[in-house]
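Pasting entry_9.pdb here (PDB, C-alpha atoms, pLDDT in the B column):
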```pdb
ATOM      1  CA  MET A   1      -5.502  -1.738 -16.915  1.00 93.00           C
ATOM      2  CA  LEU A   2      -4.319   0.322 -13.943  1.00 97.00           C
ATOM      3  CA  LEU A   3      -1.365  -1.858 -12.940  1.00 98.00           C
ATOM      4  CA  GLU A   4       0.376  -4.477 -15.071  1.00 98.00           C
ATOM      5  CA  VAL A   5       3.309  -6.439 -13.681  1.00 98.00           C
ATOM      6  CA  ASN A   6       5.017  -8.798 -16.094  1.00 97.00           C
ATOM      7  CA  ASP A   7       7.614 -11.404 -15.025  1.00 97.00           C
ATOM      8  CA  LEU A   8       9.187  -9.146 -12.394  1.00 98.00           C
ATOM      9  CA  HIS A   9      12.519 -10.231 -10.929  1.00 97.00           C
ATOM     10  CA  VAL A  10      14.035  -8.252  -8.061  1.00 96.00           C
ATOM     11  CA  ALA A  11      17.228  -8.715  -6.061  1.00 95.00           C
ATOM     12  CA  VAL A  12      18.343  -7.160  -2.800  1.00 90.00           C
ATOM     13  CA  HIS A  13      21.988  -6.378  -2.171  1.00 78.00           C
ATOM     14  CA  PRO A  14      23.461  -7.082   1.270  1.00 71.00           C
ATOM     15  CA  GLU A  15      24.275  -4.073   3.407  1.00 66.00           C
ATOM     16  CA  GLU A  16      27.939  -5.029   3.272  1.00 57.00           C
ATOM     17  CA  ASP A  17      29.841  -4.189   0.102  1.00 56.00           C
ATOM     18  CA  GLU A  18      30.783  -7.811  -0.366  1.00 60.00           C
ATOM     19  CA  GLY A  19      28.442 -10.662  -1.123  1.00 64.00           C
ATOM     20  CA  GLU A  20      26.070 -11.526  -3.906  1.00 78.00           C
ATOM     21  CA  ALA A  21      22.639 -10.016  -4.289  1.00 81.00           C
ATOM     22  CA  LYS A  22      19.761 -12.242  -3.179  1.00 89.00           C
ATOM     23  CA  GLU A  23      16.859 -12.673  -5.562  1.00 93.00           C
ATOM     24  CA  ILE A  24      13.545 -12.039  -3.758  1.00 94.00           C
ATOM     25  CA  LEU A  25      10.973 -11.715  -6.542  1.00 96.00           C
ATOM     26  CA  LYS A  26      11.272 -14.507  -9.089  1.00 95.00           C
ATOM     27  CA  GLY A  27       8.889 -13.859 -11.947  1.00 96.00           C
ATOM     28  CA  LEU A  28       5.916 -12.096 -10.374  1.00 97.00           C
ATOM     29  CA  SER A  29       3.061 -11.236 -12.742  1.00 97.00           C
ATOM     30  CA  LEU A  30      -0.173  -9.425 -11.847  1.00 96.00           C
ATOM     31  CA  SER A  31      -2.862  -7.326 -13.565  1.00 97.00           C
ATOM     32  CA  LEU A  32      -5.095  -4.980 -11.568  1.00 97.00           C
ATOM     33  CA  GLY A  33      -7.910  -3.019 -13.186  1.00 96.00           C
ATOM     34  CA  ARG A  34      -9.523   0.254 -12.178  1.00 96.00           C
ATOM     35  CA  GLY A  35     -12.039  -0.159  -9.391  1.00 96.00           C
ATOM     36  CA  GLU A  36     -10.632  -3.529  -8.342  1.00 96.00           C
ATOM     37  CA  VAL A  37      -9.379  -4.699  -4.971  1.00 96.00           C
ATOM     38  CA  HIS A  38      -6.708  -7.401  -5.059  1.00 97.00           C
ATOM     39  CA  ALA A  39      -5.374  -9.147  -1.960  1.00 96.00           C
ATOM     40  CA  ILE A  40      -1.947 -10.742  -1.812  1.00 96.00           C
ATOM     41  CA  MET A  41      -1.469 -13.326   0.932  1.00 93.00           C
ATOM     42  CA  GLY A  42       1.583 -15.387   1.724  1.00 89.00           C
ATOM     43  CA  PRO A  43       3.918 -16.632   4.441  1.00 86.00           C
ATOM     44  CA  ASN A  44       6.780 -14.589   5.856  1.00 85.00           C
ATOM     45  CA  GLY A  45       9.636 -14.256   3.400  1.00 86.00           C
ATOM     46  CA  SER A  46       7.492 -14.780   0.308  1.00 90.00           C
ATOM     47  CA  GLY A  47       8.289 -11.308  -1.079  1.00 93.00           C
ATOM     48  CA  LYS A  48       5.034  -9.463  -0.349  1.00 93.00           C
ATOM     49  CA  SER A  49       6.564  -6.397   1.284  1.00 91.00           C
ATOM     50  CA  THR A  50       9.422  -6.384  -1.205  1.00 94.00           C
ATOM     51  CA  PHE A  51       6.835  -6.082  -3.967  1.00 96.00           C
ATOM     52  CA  SER A  52       5.180  -3.098  -2.282  1.00 96.00           C
ATOM     53  CA  HIS A  53       8.542  -1.392  -1.750  1.00 95.00           C
ATOM     54  CA  VAL A  54       9.535  -1.890  -5.383  1.00 96.00           C
ATOM     55  CA  LEU A  55       6.251  -0.365  -6.538  1.00 97.00           C
ATOM     56  CA  ALA A  56       6.842   2.684  -4.333  1.00 95.00           C
ATOM     57  CA  GLY A  57      10.456   3.053  -5.481  1.00 95.00           C
ATOM     58  CA  LYS A  58      12.216   2.373  -2.173  1.00 92.00           C
ATOM     59  CA  PRO A  59      16.031   2.343  -2.611  1.00 90.00           C
ATOM     60  CA  GLY A  60      18.014  -0.854  -2.167  1.00 89.00           C
ATOM     61  CA  TYR A  61      16.093  -3.059  -4.591  1.00 92.00           C
ATOM     62  CA  GLU A  62      17.452  -3.978  -8.015  1.00 92.00           C
ATOM     63  CA  VAL A  63      14.969  -4.872 -10.740  1.00 95.00           C
ATOM     64  CA  THR A  64      16.925  -7.404 -12.789  1.00 95.00           C
ATOM     65  CA  SER A  65      14.189  -8.072 -15.349  1.00 97.00           C
ATOM     66  CA  GLY A  66      10.506  -7.629 -15.984  1.00 97.00           C
ATOM     67  CA  GLN A  67       8.123  -4.742 -16.490  1.00 97.00           C
ATOM     68  CA  VAL A  68       5.726  -2.679 -14.365  1.00 98.00           C
ATOM     69  CA  LEU A  69       3.189  -0.442 -16.098  1.00 98.00           C
ATOM     70  CA  PHE A  70       1.137   2.015 -14.058  1.00 97.00           C
ATOM     71  CA  ASP A  71      -1.739   3.532 -15.976  1.00 94.00           C
ATOM     72  CA  GLY A  72       0.130   2.588 -19.175  1.00 94.00           C
ATOM     73  CA  GLU A  73       3.401   4.245 -18.129  1.00 96.00           C
ATOM     74  CA  ASP A  74       6.694   2.548 -17.236  1.00 97.00           C
ATOM     75  CA  LEU A  75       6.649   2.854 -13.449  1.00 97.00           C
ATOM     76  CA  LEU A  76      10.242   1.725 -13.022  1.00 96.00           C
ATOM     77  CA  GLU A  77      11.522   4.762 -14.928  1.00 96.00           C
ATOM     78  CA  LEU A  78       9.942   7.173 -12.426  1.00 96.00           C
ATOM     79  CA  GLU A  79      11.434   8.557  -9.225  1.00 96.00           C
ATOM     80  CA  PRO A  80       9.498   7.833  -6.004  1.00 95.00           C
ATOM     81  CA  GLU A  81       8.055  11.357  -5.834  1.00 95.00           C
ATOM     82  CA  GLU A  82       6.956  11.087  -9.462  1.00 96.00           C
ATOM     83  CA  ARG A  83       5.193   7.796  -8.741  1.00 97.00           C
ATOM     84  CA  ALA A  84       3.362   9.447  -5.847  1.00 96.00           C
ATOM     85  CA  ALA A  85       2.340  12.404  -8.006  1.00 95.00           C
ATOM     86  CA  LYS A  86       1.066  10.004 -10.669  1.00 96.00           C
ATOM     87  CA  GLY A  87      -1.239   8.502  -8.049  1.00 96.00           C
ATOM     88  CA  LEU A  88       0.538   5.620  -6.298  1.00 97.00           C
ATOM     89  CA  PHE A  89       0.273   5.503  -2.506  1.00 97.00           C
ATOM     90  CA  LEU A  90       1.915   3.077  -0.071  1.00 96.00           C
ATOM     91  CA  ALA A  91       0.367   2.643   3.378  1.00 92.00           C
ATOM     92  CA  MET A  92       3.246   1.269   5.406  1.00 86.00           C
ATOM     93  CA  GLN A  93       3.192  -1.616   7.847  1.00 83.00           C
ATOM     94  CA  TYR A  94       5.181   0.469  10.333  1.00 86.00           C
ATOM     95  CA  PRO A  95       4.489   4.187   9.744  1.00 90.00           C
ATOM     96  CA  VAL A  96       7.487   6.308  10.668  1.00 90.00           C
ATOM     97  CA  GLU A  97       7.563   8.990  13.322  1.00 94.00           C
ATOM     98  CA  ILE A  98       8.660  12.521  12.381  1.00 95.00           C
ATOM     99  CA  PRO A  99       9.289  14.468  15.586  1.00 96.00           C
ATOM    100  CA  GLY A 100       8.802  18.244  15.356  1.00 95.00           C
ATOM    101  CA  VAL A 101       6.604  18.151  12.249  1.00 96.00           C
ATOM    102  CA  PRO A 102       2.869  18.639  12.906  1.00 96.00           C
ATOM    103  CA  TYR A 103       0.674  16.226  10.943  1.00 96.00           C
ATOM    104  CA  MET A 104      -1.264  19.125   9.416  1.00 96.00           C
ATOM    105  CA  GLN A 105       1.935  20.649   8.034  1.00 96.00           C
ATOM    106  CA  PHE A 106       3.069  17.260   6.755  1.00 96.00           C
ATOM    107  CA  LEU A 107      -0.214  16.706   4.884  1.00 96.00           C
ATOM    108  CA  LYS A 108      -0.198  20.181   3.349  1.00 97.00           C
ATOM    109  CA  ILE A 109       3.367  19.839   2.076  1.00 96.00           C
ATOM    110  CA  ALA A 110       2.660  16.359   0.687  1.00 96.00           C
ATOM    111  CA  LEU A 111      -0.496  17.434  -1.120  1.00 97.00           C
ATOM    112  CA  ASN A 112       0.897  20.651  -2.579  1.00 96.00           C
ATOM    113  CA  SER A 113       4.147  18.954  -3.612  1.00 96.00           C
ATOM    114  CA  GLN A 114       2.162  16.437  -5.624  1.00 96.00           C
ATOM    115  CA  ARG A 115      -0.054  19.137  -7.130  1.00 96.00           C
ATOM    116  CA  LYS A 116       3.036  21.104  -8.146  1.00 95.00           C
ATOM    117  CA  LEU A 117       4.592  18.057  -9.855  1.00 93.00           C
ATOM    118  CA  ARG A 118       1.332  17.584 -11.797  1.00 94.00           C
ATOM    119  CA  GLY A 119       1.354  21.215 -12.883  1.00 94.00           C
ATOM    120  CA  GLU A 120      -1.672  22.056 -10.718  1.00 95.00           C
ATOM    121  CA  GLU A 121      -2.150  25.124  -8.558  1.00 95.00           C
ATOM    122  CA  GLU A 122      -1.289  24.649  -4.897  1.00 95.00           C
ATOM    123  CA  LEU A 123      -4.156  24.771  -2.418  1.00 95.00           C
ATOM    124  CA  SER A 124      -4.396  27.852  -0.231  1.00 95.00           C
ATOM    125  CA  THR A 125      -4.337  27.387   3.529  1.00 95.00           C
ATOM    126  CA  PRO A 126      -8.109  27.999   3.929  1.00 95.00           C
ATOM    127  CA  ASP A 127      -8.955  25.548   1.128  1.00 96.00           C
ATOM    128  CA  PHE A 128      -6.583  22.954   2.544  1.00 96.00           C
ATOM    129  CA  MET A 129      -8.043  23.337   6.051  1.00 95.00           C
ATOM    130  CA  ARG A 130     -11.561  22.818   4.745  1.00 96.00           C
ATOM    131  CA  LEU A 131     -10.475  19.698   2.869  1.00 96.00           C
ATOM    132  CA  VAL A 132      -8.699  18.159   5.859  1.00 96.00           C
ATOM    133  CA  ARG A 133     -11.533  18.932   8.288  1.00 94.00           C
ATOM    134  CA  GLU A 134     -13.996  17.203   5.985  1.00 93.00           C
ATOM    135  CA  LYS A 135     -11.828  14.095   5.521  1.00 92.00           C
ATOM    136  CA  ALA A 136     -10.808  13.868   9.188  1.00 93.00           C
ATOM    137  CA  GLN A 137     -14.384  14.168  10.418  1.00 90.00           C
ATOM    138  CA  LYS A 138     -15.428  11.167   8.340  1.00 85.00           C
ATOM    139  CA  LEU A 139     -12.647   9.098   9.915  1.00 84.00           C
ATOM    140  CA  GLY A 140     -13.332  10.273  13.458  1.00 84.00           C
ATOM    141  CA  ILE A 141      -9.965  12.044  13.677  1.00 90.00           C
ATOM    142  CA  SER A 142      -9.847  15.124  15.890  1.00 90.00           C
ATOM    143  CA  MET A 143      -8.101  18.323  14.851  1.00 91.00           C
ATOM    144  CA  ASP A 144      -5.990  17.991  18.013  1.00 92.00           C
ATOM    145  CA  MET A 145      -4.423  14.843  16.551  1.00 92.00           C
ATOM    146  CA  LEU A 146      -3.455  16.790  13.450  1.00 94.00           C
ATOM    147  CA  LYS A 147      -1.571  19.299  15.587  1.00 94.00           C
ATOM    148  CA  ARG A 148       0.641  16.566  17.032  1.00 95.00           C
ATOM    149  CA  PRO A 149       3.992  15.549  15.472  1.00 96.00           C
ATOM    150  CA  VAL A 150       3.650  12.869  12.804  1.00 95.00           C
ATOM    151  CA  ASN A 151       2.903   9.531  14.529  1.00 94.00           C
ATOM    152  CA  VAL A 152       4.762  10.537  17.719  1.00 94.00           C
ATOM    153  CA  GLY A 153       3.020   8.902  20.672  1.00 92.00           C
ATOM    154  CA  PHE A 154       0.258   7.488  18.455  1.00 91.00           C
ATOM    155  CA  SER A 155      -1.175   4.051  19.109  1.00 89.00           C
ATOM    156  CA  GLY A 156      -1.003   1.442  16.348  1.00 86.00           C
ATOM    157  CA  GLY A 157      -4.630   2.079  15.464  1.00 86.00           C
ATOM    158  CA  GLU A 158      -4.134   5.857  15.364  1.00 89.00           C
ATOM    159  CA  LYS A 159      -1.136   5.502  13.056  1.00 91.00           C
ATOM    160  CA  LYS A 160      -3.132   3.367  10.615  1.00 89.00           C
ATOM    161  CA  ARG A 161      -6.122   5.745  10.708  1.00 89.00           C
ATOM    162  CA  MET A 162      -3.759   8.590   9.820  1.00 93.00           C
ATOM    163  CA  GLU A 163      -2.477   6.540   6.887  1.00 92.00           C
ATOM    164  CA  VAL A 164      -6.071   6.277   5.674  1.00 92.00           C
ATOM    165  CA  LEU A 165      -6.460  10.040   6.149  1.00 94.00           C
ATOM    166  CA  GLN A 166      -3.419  10.553   3.921  1.00 95.00           C
ATOM    167  CA  MET A 167      -5.093   8.456   1.240  1.00 94.00           C
ATOM    168  CA  ALA A 168      -8.319  10.439   1.575  1.00 94.00           C
ATOM    169  CA  VAL A 169      -6.479  13.754   1.205  1.00 96.00           C
ATOM    170  CA  LEU A 170      -4.109  12.735  -1.595  1.00 96.00           C
ATOM    171  CA  GLU A 171      -6.757  10.739  -3.534  1.00 94.00           C
ATOM    172  CA  PRO A 172      -4.355   8.291  -5.234  1.00 96.00           C
ATOM    173  CA  LYS A 173      -5.256   6.072  -8.167  1.00 97.00           C
ATOM    174  CA  LEU A 174      -3.670   2.984  -6.598  1.00 97.00           C
ATOM    175  CA  CYS A 175      -3.502   2.334  -2.855  1.00 96.00           C
ATOM    176  CA  VAL A 176      -0.977  -0.304  -1.786  1.00 96.00           C
ATOM    177  CA  LEU A 177      -1.739  -1.415   1.775  1.00 94.00           C
ATOM    178  CA  ASP A 178       1.252  -3.268   3.220  1.00 92.00           C
ATOM    179  CA  GLU A 179      -0.129  -5.257   6.184  1.00 88.00           C
ATOM    180  CA  ILE A 180      -2.193  -2.304   7.364  1.00 87.00           C
ATOM    181  CA  ASP A 181      -3.889  -4.681   9.824  1.00 85.00           C
ATOM    182  CA  SER A 182      -0.634  -5.401  11.651  1.00 82.00           C
ATOM    183  CA  GLY A 183      -0.952  -4.757  15.382  1.00 79.00           C
ATOM    184  CA  LEU A 184      -4.601  -3.676  15.297  1.00 84.00           C
ATOM    185  CA  ASP A 185      -7.281  -4.836  17.691  1.00 84.00           C
ATOM    186  CA  ILE A 186     -10.705  -5.616  16.272  1.00 86.00           C
ATOM    187  CA  ASP A 187     -12.152  -2.138  16.910  1.00 84.00           C
ATOM    188  CA  ALA A 188      -9.214  -0.355  15.276  1.00 83.00           C
ATOM    189  CA  LEU A 189      -9.355  -2.802  12.379  1.00 88.00           C
ATOM    190  CA  ARG A 190     -13.000  -1.938  11.743  1.00 88.00           C
ATOM    191  CA  VAL A 191     -12.294   1.799  11.787  1.00 84.00           C
ATOM    192  CA  VAL A 192      -9.411   1.441   9.328  1.00 86.00           C
ATOM    193  CA  ALA A 193     -11.385  -0.900   7.055  1.00 90.00           C
ATOM    194  CA  ASP A 194     -14.369   1.463   7.030  1.00 90.00           C
ATOM    195  CA  GLY A 195     -12.058   4.285   5.974  1.00 87.00           C
ATOM    196  CA  VAL A 196     -10.586   2.191   3.180  1.00 90.00           C
ATOM    197  CA  ASN A 197     -14.017   1.064   1.978  1.00 92.00           C
ATOM    198  CA  ALA A 198     -15.182   4.676   1.863  1.00 91.00           C
ATOM    199  CA  LEU A 199     -12.416   5.359  -0.683  1.00 91.00           C
ATOM    200  CA  ARG A 200     -13.402   2.540  -3.022  1.00 93.00           C
ATOM    201  CA  ASP A 201     -14.706   3.744  -6.370  1.00 92.00           C
ATOM    202  CA  GLU A 202     -14.719   2.699 -10.006  1.00 94.00           C
ATOM    203  CA  ASN A 203     -11.466   4.488 -10.825  1.00 93.00           C
ATOM    204  CA  ARG A 204      -9.318   3.654  -7.783  1.00 96.00           C
ATOM    205  CA  GLY A 205      -7.557   0.338  -7.291  1.00 96.00           C
ATOM    206  CA  PHE A 206      -6.334  -1.331  -4.099  1.00 96.00           C
ATOM    207  CA  LEU A 207      -3.571  -3.851  -3.528  1.00 97.00           C
ATOM    208  CA  VAL A 208      -4.042  -5.285  -0.040  1.00 95.00           C
ATOM    209  CA  ILE A 209      -1.112  -7.241   1.392  1.00 94.00           C
ATOM    210  CA  THR A 210      -1.937  -9.310   4.449  1.00 90.00           C
ATOM    211  CA  HIS A 211      -1.227 -12.550   6.293  1.00 83.00           C
ATOM    212  CA  TYR A 212      -4.713 -13.095   7.593  1.00 80.00           C
ATOM    213  CA  GLN A 213      -8.266 -13.610   6.434  1.00 83.00           C
ATOM    214  CA  ARG A 214      -9.715 -11.335   9.123  1.00 85.00           C
ATOM    215  CA  LEU A 215      -8.861  -8.116   7.238  1.00 88.00           C
ATOM    216  CA  LEU A 216     -10.632  -9.470   4.165  1.00 90.00           C
ATOM    217  CA  ASP A 217     -13.803  -9.914   6.218  1.00 90.00           C
ATOM    218  CA  TYR A 218     -13.978  -6.117   6.269  1.00 91.00           C
ATOM    219  CA  ILE A 219     -12.286  -5.165   2.993  1.00 92.00           C
ATOM    220  CA  GLU A 220     -13.774  -7.684   0.578  1.00 92.00           C
ATOM    221  CA  PRO A 221     -11.437  -8.266  -2.370  1.00 95.00           C
ATOM    222  CA  ASP A 222     -12.376  -8.983  -5.958  1.00 95.00           C
ATOM    223  CA  HIS A 223      -9.326 -11.187  -6.427  1.00 96.00           C
ATOM    224  CA  VAL A 224      -7.026 -13.058  -4.047  1.00 96.00           C
ATOM    225  CA  HIS A 225      -3.475 -14.130  -4.884  1.00 96.00           C
ATOM    226  CA  ILE A 226      -1.270 -16.472  -2.890  1.00 94.00           C
ATOM    227  CA  MET A 227       2.412 -15.651  -3.032  1.00 94.00           C
ATOM    228  CA  ALA A 228       5.336 -17.921  -2.190  1.00 91.00           C
ATOM    229  CA  ASN A 229       9.006 -17.971  -3.079  1.00 91.00           C
ATOM    230  CA  GLY A 230       8.846 -14.659  -4.906  1.00 93.00           C
ATOM    231  CA  ARG A 231       5.952 -15.308  -7.235  1.00 94.00           C
ATOM    232  CA  ILE A 232       2.202 -15.758  -7.304  1.00 95.00           C
ATOM    233  CA  ILE A 233       1.405 -19.459  -7.153  1.00 93.00           C
ATOM    234  CA  ARG A 234      -2.382 -19.317  -7.222  1.00 93.00           C
ATOM    235  CA  SER A 235      -5.152 -16.783  -7.867  1.00 95.00           C
ATOM    236  CA  GLY A 236      -8.883 -16.838  -7.322  1.00 95.00           C
ATOM    237  CA  GLY A 237     -11.852 -15.047  -5.829  1.00 94.00           C
ATOM    238  CA  PRO A 238     -12.596 -14.224  -2.171  1.00 92.00           C
ATOM    239  CA  GLU A 239     -13.250 -17.895  -1.477  1.00 91.00           C
ATOM    240  CA  LEU A 240      -9.534 -18.587  -1.941  1.00 91.00           C
ATOM    241  CA  ALA A 241      -8.749 -16.693   1.264  1.00 88.00           C
ATOM    242  CA  HIS A 242     -11.218 -18.865   3.182  1.00 87.00           C
ATOM    243  CA  GLU A 243      -9.647 -22.001   1.716  1.00 88.00           C
ATOM    244  CA  LEU A 244      -6.245 -20.728   2.799  1.00 86.00           C
ATOM    245  CA  GLU A 245      -7.550 -20.067   6.305  1.00 82.00           C
ATOM    246  CA  ARG A 246      -8.709 -23.681   6.569  1.00 84.00           C
ATOM    247  CA  SER A 247      -5.697 -25.446   5.071  1.00 81.00           C
ATOM    248  CA  GLY A 248      -2.782 -23.089   5.760  1.00 81.00           C
ATOM    249  CA  TYR A 249       0.008 -22.050   3.424  1.00 81.00           C
ATOM    250  CA  ALA A 250       1.897 -25.341   3.444  1.00 79.00           C
ATOM    251  CA  ALA A 251      -0.561 -27.158   1.192  1.00 73.00           C
ATOM    252  CA  PHE A 252      -0.427 -24.435  -1.465  1.00 76.00           C
ATOM    253  CA  VAL A 253       3.345 -24.156  -1.364  1.00 74.00           C
ATOM    254  CA  GLU A 254       3.767 -27.925  -1.673  1.00 68.00           C
ATOM    255  CA  ASP A 255       1.377 -28.047  -4.648  1.00 61.00           C
ATOM    256  CA  ALA A 256       3.345 -25.309  -6.409  1.00 58.00           C
ATOM    257  CA  ALA A 257       6.757 -26.814  -5.696  1.00 54.00           C
TER     258      ALA A 257
END
```

Written as structure tokens, that's how I'd like the structure from this file.
Amino acid sequence: MLLEVNDLHVAVHPEEDEGEAKEILKGLSLSLGRGEVHAIMGPNGSGKSTFSHVLAGKPGYEVTSGQVLFDGEDLLELEPEERAAKGLFLAMQYPVEIPGVPYMQFLKIALNSQRKLRGEEELSTPDFMRLVREKAQKLGISMDMLKRPVNVGFSGGEKKRMEVLQMAVLEPKLCVLDEIDSGLDIDALRVVADGVNALRDENRGFLVITHYQRLLDYIEPDHVHIMANGRIIRSGGPELAHELERSGYAAFVEDAA
């Protein structure tokens, strides 16, 4: 199993020093195998993005109990950069801008940093350039875009395409897509979904977090999970997303209450 999450409980502390931590994840369990695509759907506040942030190791979240195994290893014991080097990638809902840093430089540093942590030889500049040109061409990304500062002045669709390019270059084992469809028109959605589908293979897993069925029309999942109140309340196949589209979240949440 590529990812095993067992009875995960997570709390978030308020920004102020005073006040009790608020529990967000309340016993989440999930198993994701190699080559599988799992979709997590749920209303706002259900804990979907919190789950993705905990997997990536974002500060500010306290795991109070439970276990997360990534490729058989205790993920929670690893630093964020170690998780990335082991093959976990988070495509963010709102990719950050990094003024003054060309995207090409950013990609090269990210890739060689991961290779170094794995004990692999760093790619030379010519080898890296060949790799990026090949990956960018498949996604319809011009080399001029790669000369621009990271995400500065990019449209929503361009930012998400660059997230897919990062995945293609870094070749992670598990891709966590946190509402990658947010803010995309239908054309941009198709481009991003095509890029994601091109990365699907028997050894790579995907965890797709979304509100809407429309993304799953283009990235067809093997399993769909409905999340509410910090846990998964129902799981099924792709047909579950269509059922959710027809009936809405309220019916599922009421049944699980």

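Neighbouring residues of range 156-171 of chain A at 6 Å or closer, counting only C-alpha atoms and skipping chain neighbours under 4 positions away, are Ala91, Leu111, Asn151, Leu184, Ala188 and Val192 of chain A.
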
Residue subset to file, keeping C-alpha atoms, as a PDB file, in the frame of the given file:
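See result-v5.pdb below for the written result:
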```pdb
ATOM      1  CA  ALA A  91       0.367   2.643   3.378  1.00 92.00           C
ATOM      2  CA  LEU A 111      -0.496  17.434  -1.120  1.00 97.00           C
ATOM      3  CA  ASN A 151       2.903   9.531  14.529  1.00 94.00           C
ATOM      4  CA  LEU A 184      -4.601  -3.676  15.297  1.00 84.00           C
ATOM      5  CA  ALA A 188      -9.214  -0.355  15.276  1.00 83.00           C
ATOM      6  CA  VAL A 192      -9.411   1.441   9.328  1.00 86.00           C
TER       7      VAL A 192
END
```

Test item: residues at most 8 Å from Ile233 in chain A, all atoms listed in the file, excluding those fewer than 2 positions along its chain, as a ChimeraX atom specification: /A:225-228,231,235,252-253,256

File of the preceding selection, C-alpha atoms, as a PDB file, keeping the file's coordinate frame:
```
ATOM      1  CA  HIS A 225      -3.475 -14.130  -4.884  1.00 96.00           C
ATOM      2  CA  ILE A 226      -1.270 -16.472  -2.890  1.00 94.00           C
ATOM      3  CA  MET A 227       2.412 -15.651  -3.032  1.00 94.00           C
ATOM      4  CA  ALA A 228       5.336 -17.921  -2.190  1.00 91.00           C
ATOM      5  CA  ARG A 231       5.952 -15.308  -7.235  1.00 94.00           C
ATOM      6  CA  SER A 235      -5.152 -16.783  -7.867  1.00 95.00           C
ATOM      7  CA  PHE A 252      -0.427 -24.435  -1.465  1.00 76.00           C
ATOM      8  CA  VAL A 253       3.345 -24.156  -1.364  1.00 74.00           C
ATOM      9  CA  ALA A 256       3.345 -25.309  -6.409  1.00 58.00           C
TER      10      ALA A 256
END
```

Would you list the residues near (9.4, -5.6, -5.1) (no more than 8 Å away, in the coordinates of the file, using all atoms listed in the file) as an mmCIF file with C-alpha atoms, in the frame of the given file?
```
data_model
loop_
_atom_site.group_PDB
_atom_site.id
_atom_site.type_symbol
_atom_site.label_atom_id
_atom_site.label_comp_id
_atom_site.auth_asym_id
_atom_site.auth_seq_id
_atom_site.Cartn_x
_atom_site.Cartn_y
_atom_site.Cartn_z
ATOM 1 C CA VAL A 10 14.035 -8.252 -8.061
ATOM 2 C CA ILE A 24 13.545 -12.039 -3.758
ATOM 3 C CA LEU A 25 10.973 -11.715 -6.542
ATOM 4 C CA GLY A 47 8.289 -11.308 -1.079
ATOM 5 C CA LYS A 48 5.034 -9.463 -0.349
ATOM 6 C CA SER A 49 6.564 -6.397 1.284
ATOM 7 C CA THR A 50 9.422 -6.384 -1.205
ATOM 8 C CA PHE A 51 6.835 -6.082 -3.967
ATOM 9 C CA SER A 52 5.180 -3.098 -2.282
ATOM 10 C CA HIS A 53 8.542 -1.392 -1.750
ATOM 11 C CA VAL A 54 9.535 -1.890 -5.383
ATOM 12 C CA LEU A 55 6.251 -0.365 -6.538
ATOM 13 C CA TYR A 61 16.093 -3.059 -4.591
ATOM 14 C CA VAL A 63 14.969 -4.872 -10.740
#
```

Give me the result of the PyMOL selection byres ((chain A and resi 201) around 10) on this file, residue by residue, as a tab-separated table (two decimals) with C-alpha atoms, in the coordinates of the input.
```tsv
chain	number	residue	atom	x	y	z
A	34	ARG	CA	-9.52	0.25	-12.18
A	35	GLY	CA	-12.04	-0.16	-9.39
A	36	GLU	CA	-10.63	-3.53	-8.34
A	173	LYS	CA	-5.26	6.07	-8.17
A	197	ASN	CA	-14.02	1.06	1.98
A	198	ALA	CA	-15.18	4.68	1.86
A	199	LEU	CA	-12.42	5.36	-0.68
A	200	ARG	CA	-13.40	2.54	-3.02
A	202	GLU	CA	-14.72	2.70	-10.01
A	203	ASN	CA	-11.47	4.49	-10.82
A	204	ARG	CA	-9.32	3.65	-7.78
A	205	GLY	CA	-7.56	0.34	-7.29
```

Name the residues that the PyMOL selection byres ((chain A and resi 219) around 12) picks from the file above, as an MDAnalysis selection string, using the file's chain letters and numbers. chainID A and resid 36:39 177 180:181 189:200 206:210 212:218 220:224 238

Quick check on the file I pasted: which residues fall under the PyMOL selection byres ((chain A and resi 13) around 8)? Write them as number ranges by chain. A: 11-12, 14-15, 19-22, 60-62

Quick one: everything within 7 Å of Leu28 in chain A, counting all atoms listed in the file, minus sequence neighbours fewer than 3 positions away in the same chain. Send it as a PyMOL selection string. chain A and resi 6-9+25+230-232

Residues near Val152 in chain A, cut-off 10 Å, all atoms listed in the file, skip fewer than 2 positions along chain, as JSON, numbers by chain: {"A": [96, 97, 98, 99, 100, 101, 102, 103, 148, 149, 150, 154, 155, 159]}

CA of Arg234 in chain A to CA of Pro43 in chain A measures 13.5 Å

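Nearest residue to Gln114 in chain A, choosing from A:Asp144, A:Ala241, A:Pro80, A:Asp178 and counting all atoms listed in the file: A:Pro80.
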
Box along x, y and z, 4 Å on every side, all listed atoms of range 167-183 of chain A inside: centre and edge lengths in Å to one decimal, as lines of an AutoDock Vina configuration file.
```
center_x = -3.5
center_y = 4.2
center_z = 3.6
size_x = 17.6
size_y = 27.2
size_z = 31.5
```

Please determine, counting all atoms listed in the file, which residue among A:Met1, A:Met92, A:Ala84, A:Ala110 has the shortest atom-to-atom distance to Val68 in chain A. A:Met1

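Note that CA of Ile186 in chain A and CA of His211 in chain A are 15.4 Å apart.
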
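Neighbours of Arg118 in chain A closer than or equal to 12 Å, with only C-alpha atoms counted and sequence neighbours fewer than 5 positions away skipped, come out as Glu81, Glu82, Arg83, Ala84, Ala85, Lys86, Gly87, Leu111, Asn112 and Ser113 of chain A.
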
If you count only C-alpha atoms, the residue of A:Gln137, A:Ser182, A:Gly42, A:Val132 closest to Glu245 in chain A turns out to be A:Gly42
